[in-house]
Structure formats: C-alpha cells, structure tokens
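The file run27.txt contains compact mmCIF, C-alpha atoms:
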# COMPACT_ATOMS: atom_id res chain seq x y z
CA MET A 8 -3.60 -10.39 11.32
CA GLN A 9 -2.06 -8.18 13.99
CA GLN A 10 -3.67 -7.78 17.35
CA GLY A 11 -5.60 -4.60 17.78
CA GLN A 12 -6.67 -4.36 14.13
CA PRO A 13 -10.39 -3.88 13.67
CA THR A 14 -11.05 -7.17 11.92
CA ASP A 15 -14.68 -6.43 10.99
CA LEU A 16 -13.74 -3.16 9.30
CA LEU A 17 -10.76 -4.77 7.59
CA GLN A 18 -12.97 -7.61 6.34
CA MET A 19 -15.62 -5.19 5.10
CA ILE A 20 -13.09 -3.04 3.22
CA SER A 21 -11.35 -6.04 1.66
CA ASP A 22 -14.69 -7.54 0.60
CA TYR A 23 -15.77 -4.20 -0.90
CA MET A 24 -12.43 -4.05 -2.70
CA GLU A 25 -12.87 -7.56 -4.09
CA ASN A 26 -16.33 -6.63 -5.34
CA GLY A 27 -15.10 -3.51 -7.09
CA PHE A 28 -16.55 -0.85 -4.80
CA LEU A 29 -13.42 1.28 -5.01
CA GLU A 30 -15.25 4.62 -5.04
CA ASN A 31 -16.93 3.77 -1.73
CA ILE A 32 -13.58 2.90 -0.18
CA ILE A 33 -11.96 6.09 -1.51
CA ASP A 34 -14.72 8.09 0.17
CA MET A 35 -14.23 6.18 3.41
CA PHE A 36 -10.49 6.95 3.45
CA ARG A 37 -11.02 10.61 2.58
CA HIS A 38 -13.46 10.97 5.48
CA ASP A 39 -11.52 8.90 8.02
CA VAL A 40 -7.74 9.17 7.73
CA THR A 41 -7.26 6.59 10.48
CA LEU A 42 -8.11 3.97 7.85
CA TYR A 43 -4.65 4.40 6.33
CA ARG A 44 -3.41 2.13 9.12
CA LEU A 45 -5.17 -0.76 7.33
CA ILE A 46 -3.20 -0.48 4.07
CA GLY A 47 -0.46 -2.81 5.33
CA GLU A 48 -3.00 -5.49 6.17
CA LEU A 49 -4.98 -5.03 2.97
CA ILE A 50 -1.93 -5.40 0.74
CA GLN A 51 -1.33 -8.82 2.31
CA ASP A 52 -4.75 -10.17 1.32
CA GLU A 53 -4.51 -13.38 -0.69
CA ARG A 54 -7.08 -12.12 -3.19
CA VAL A 55 -5.49 -10.52 -6.24
CA ARG A 56 -8.46 -8.18 -6.76
CA VAL A 57 -8.00 -6.83 -3.25
CA ARG A 58 -4.27 -6.20 -3.73
CA LEU A 59 -4.87 -4.56 -7.10
CA GLY A 60 -7.62 -2.51 -5.52
CA VAL A 61 -5.29 -1.30 -2.78
CA THR A 62 -2.87 -0.07 -5.41
CA ALA A 63 -5.68 1.69 -7.30
CA LEU A 64 -6.91 3.15 -4.01
CA MET A 65 -3.50 4.55 -3.14
CA GLU A 66 -3.01 5.93 -6.65
CA GLU A 67 -6.32 7.77 -6.43
CA LEU A 68 -5.71 9.00 -2.88
CA LYS A 69 -2.27 10.24 -3.91
CA LYS A 70 -4.12 12.58 -6.31
CA THR A 71 -7.16 13.48 -4.20
CA ASP A 72 -5.80 13.28 -0.64
CA PRO A 73 -2.03 13.84 -1.03
CA ASP A 74 -1.52 15.18 2.48
CA HIS A 75 -2.63 11.93 4.10
CA VAL A 76 -1.19 9.08 1.99
CA ILE A 77 2.00 9.30 4.05
CA LEU A 78 -0.02 7.85 6.94
CA ALA A 79 0.15 4.43 5.26
CA GLN A 80 3.94 4.41 5.06
CA GLU A 81 4.66 3.28 8.62
CA HIS A 82 2.38 0.27 8.05
CA LEU A 83 4.08 -0.60 4.76
CA LEU A 84 7.77 -0.26 5.63
CA PRO A 85 7.87 -3.41 7.82
CA LEU A 86 6.42 -5.35 4.88
CA LEU A 87 9.55 -4.66 2.85
CA HIS A 88 11.04 -7.48 4.94
CA HIS A 89 8.08 -9.85 4.63
CA ALA A 90 8.81 -13.52 3.88
CA ASP A 91 6.51 -13.44 0.82
CA ALA A 92 8.11 -11.80 -2.22
CA VAL A 93 4.70 -10.70 -3.54
CA VAL A 94 4.05 -8.76 -0.33
CA ARG A 95 7.55 -7.23 -0.44
CA GLY A 96 7.04 -6.16 -4.04
CA ASP A 97 3.56 -4.76 -3.47
CA ALA A 98 4.75 -2.88 -0.38
CA ALA A 99 7.73 -1.46 -2.30
CA ASN A 100 5.41 -0.31 -5.06
CA LEU A 101 3.14 1.48 -2.58
CA VAL A 102 6.04 3.01 -0.65
CA GLY A 103 7.38 4.33 -3.95
CA LEU A 104 3.95 5.66 -4.83
CA ILE A 105 3.73 7.52 -1.53
CA GLY A 106 6.90 9.26 -2.62
CA ASN A 107 8.49 10.11 0.71
CA SER A 108 12.26 10.38 0.32
CA ALA A 109 12.70 9.08 3.89
CA SER A 110 11.92 5.61 2.53
CA LEU A 111 14.71 5.73 -0.05
CA LEU A 112 17.24 3.69 1.95
CA SER A 113 14.69 0.96 2.65
CA LEU A 114 13.81 0.74 -1.04
CA LYS A 115 17.46 0.76 -2.10
CA ALA A 116 18.07 -2.25 0.17
CA LEU A 117 15.40 -4.14 -1.77
CA MET A 118 17.34 -3.62 -4.98
CA GLU A 119 19.46 -6.55 -3.72
CA ASP A 120 16.45 -8.75 -2.91
CA GLU A 121 16.64 -12.46 -3.74
CA ASN A 122 13.54 -12.13 -5.93
CA GLY A 123 14.00 -10.59 -9.36
CA ASN A 124 10.54 -9.04 -9.48
CA VAL A 125 11.07 -7.36 -6.12
CA ARG A 126 14.41 -5.97 -7.36
CA ILE A 127 12.71 -4.51 -10.45
CA ILE A 128 9.88 -2.92 -8.43
CA ALA A 129 12.36 -1.50 -5.92
CA ARG A 130 14.55 -0.10 -8.69
CA GLU A 131 11.56 1.60 -10.32
CA ALA A 132 10.41 3.03 -6.97
CA VAL A 133 13.90 4.37 -6.25
CA GLN A 134 14.11 5.93 -9.71
CA GLU A 135 10.74 7.63 -9.18
CA LEU A 136 11.79 8.97 -5.80
CA GLU A 137 15.16 10.18 -7.04
CA SER A 138 13.66 11.87 -10.08
CA GLY A 139 10.99 13.52 -7.95
CA SER A 140 8.14 12.18 -10.11
CA ALA A 141 6.55 10.38 -7.16
CA GLN A 142 5.79 13.65 -5.43
Target encoding structure tokens, full file:
Amino acid sequence: MQQGQPTDLLQMISDYMENGFLENIIDMFRHDVTLYRLIGELIQDERVRVRLGVTALMEELKKTDPDHVILAQEHLLPLLHHADAVVRGDAANLVGLIGNSASLLSLKALMEDENGNVRIIAREAVQELESGSAQ
C-alpha cells in the first residue's frame, strides 16, 4: 500500500465491498469524491469479491456520478504497467469504463501485452473508446 493512503478507510471500504455492501459504498463515493483516489488500491485487493465490487461500483458511478468517475483515472493508469496481469487487466477494464479518450494510447499499448487476457481486455476497452460507447 502506498504511503499517505488512509489505511483504515481503505480497509473499511474493502471489507464492506467483500461483504456486499455496495450501496453503502456508492453513497460514500457520491458524497465524498476524494474517495476516487482509493480505486487504484481497491482494484489490487487479493479478494475477488472486492475486485468485482470495484468494477460494479465504477459501473454504477459512471451512471449516477458521471462527472466524477474521471477522478479515478490518474490512480488507475500506473496500474496498466503493474507486474500482475490480473491488476493490469482490471485497471484496463476500469480505464475503458471511465471512457476518457486521453487514455487511448495507454490502452493501445496494452494490446501488445504478454498476457492474452490483458490483450483482450485492452482491445475491448479501445474499441469502446473509439466507438464512443464508453461515454
């Protein structure tokens, strides 16, 4: 975990996510946009339910809080170079979901990733961005 991250808050959100309290977390993010900085850390959690929950969270926030989902992007872009292919793929998926065309070059680079799943996710994210359906 990076220095300066509020570990107690991060732990609470990830535990809530694991226990299925997605609605509570959505409300938290909608009322405190500074929480978007935690998306990069949350997507790296070893618990599958947490990572799936982060994706569901971002999908819902894309609909209900579209002006603020971009705040997560700067915390996700570095993860496109993460050593773990699962993290790279999950980050690519979320960056594609955010739908900011400024991330297109970073996603296109992942289309040459050593991991086949990452290449597929990156290709789908690029296609969404280029078609405009991610907006």
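Here the question is which of A:Arg54, A:Arg126, A:His88, A:His75 gets nearest to A:Gly106 using only C-alpha atoms, and that residue is A:His75.
Atom CA of A:Gly27 is found 10.3 Å from atom CA of A:Leu59.
Using all atoms listed in the file for every distance, the candidate list A:Ile50, A:Val133, A:Val61, A:Leu112 yields A:Val61 as the residue closest to A:Met24.
Note that atom CA of A:Gly103 and atom CA of A:Phe28 are 24.5 Å apart.
Each of A:Glu135, A:Val94, A:Asn124, A:His89 was checked against A:Leu111 using only C-alpha atoms; the smallest atom-to-atom distance is that of A:Glu135.
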For this session: May I have the residues within 12 Å of A:Thr71 as a VMD selection string, using only C-alpha atoms and disregarding those fewer than 5 positions away in the same chain?
Result: chain A and resid 33 to 34 36 to 38 64 to 66 76
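Between atom CA of A:Ser21 and atom CA of A:Ala98 the separation is 16.5 Å.
Closest approach to A:Arg95 from the set A:Asp39, A:Asp120, A:Glu30, A:Glu81 is made by A:Asp120, with distances taken over all atoms listed in the file.
Of the residues under consideration (A:Leu104, A:Ile46, A:Ala63, A:Glu119), A:Ile46 shows the shortest atom-to-atom contact distance to A:Leu78 when counting all atoms listed in the file.
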Problem set entry | Nearest candidate to A:Gly47 (options A:Asp72, A:Met35, A:Gly60, A:Asp97; using all atoms listed in the file) | A:Asp97
Exercise. Contacts of A:His82 at 12 Å or less, counting all atoms listed in the file, minus same-chain residues fewer than 3 places along, as number ranges by chain?
Worked result: A: 9, 12, 41-51, 76-79, 85-87, 98-99, 101-102
Problem set entry | Long-range neighbours of A:Asp22 as a PyMOL selection string, 12 Å cut-off, only C-alpha atoms, 6 positions minimum in chain | chain A and resi 14-16+28-29+31-32+49+52-58+60-61
